[in-house]
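K.L.:
Shown below is the structure under consideration.
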Amino acid sequence: MAEEKKRLHGFAGIVSKQVEPLNEMEEFKQKFKDTEVKVLLNAKDGKWAALLIIDKGKIYVEGIKNEPKENIKKKNAGWDGLLQTTTPLFLEILGSDNLSTGKVIKKILSGKIKIRGIKHVLVLLQLFDL
């Protein structure tokens, strides 16, 4: 591999292992060939946030230290959408095959999940369908 990849820490590493295999899928490449979006997944109880970048049919993750809070602000991190909650809840969402939209909405309404830029965050639903 020509480009050396930085090792991702903590939560960003977990997210990377989940989504980067999509780069090998033809269906993913076709579905997202015109998509450019950055979604910040911030596990607020961890040290690292994961910036999920979809760039014209490729997907990759960058780790961003979430302390100080300025690091994860939109103007500094450059995200289009934000999904923020605790690590256990993220793992439940990422690892679940049968997590319903209703359950997620309940968690959003109860304040357990914070979302900014909802239309960009909805891209994640399409990812989890693949």
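Chain labels follow the order of the structure tokens: the first chain is A, the next B, and so on; residue numbering restarts at 1 in every chain, and ligands are counted from 1 in their shown order.
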Go through stretch 20-41 of chain A residue by residue and, counting only C-alpha atoms, keep those with an atom at most 7 Å from stretch 66-86 of chain A; for each kept residue give the shortest atom pair and its distance in Å to one decimal, ordered by chain and increasing number, as CSV.

P.N.:
residue,atom,partner,partner_atom,distance
A:Val37,CA,A:Asp80,CA,6.3
A:Lys38,CA,A:Trp79,CA,4.9
A:Val39,CA,A:Gly81,CA,4.6
A:Leu40,CA,A:Leu82,CA,4.8
A:Leu41,CA,A:Leu83,CA,5.0

K.L.:
Taking a cut-off of 8 Å and counting only C-alpha atoms, can you build a table that, for each residue of stretch 21-128 of chain A near stretch 5-15 of chain A, reports the nearest atom pair and how far apart they are in Å (one decimal), sorted by chain then residue number, as CSV?

P.N.:
residue,atom,partner,partner_atom,distance
A:Ala43,CA,A:Phe11,CA,7.1
A:Gly46,CA,A:Phe11,CA,7.2
A:Lys47,CA,A:Gly10,CA,7.3
A:Trp48,CA,A:Phe11,CA,6.0
A:Ala49,CA,A:Ala12,CA,5.9
A:Ala50,CA,A:Ala12,CA,4.3
A:Leu51,CA,A:Ala12,CA,7.6
A:Val61,CA,A:Ala12,CA,6.8
A:Glu62,CA,A:Ala12,CA,6.8
A:Gly63,CA,A:Ala12,CA,5.2
A:Ile64,CA,A:Ala12,CA,8.0
A:Thr87,CA,A:Phe11,CA,7.7

K.L.:
Which of stretch 5-96 of chain A end up as strand (DSSP E or B) when DSSP is run on this backbone - answer as JSON, numbers by chain?

P.N.:
{"A": [36, 37, 38, 39, 40, 41, 42, 43, 48, 49, 50, 51, 52, 53, 54, 55, 58, 59, 60, 61, 62, 63, 64, 65, 81, 82, 83, 84, 85]}

K.L.:
Work out how far atom CA of A:Glu36 is from atom CA of A:Lys56, in Å to one decimal.

P.N.:
5.8 Å
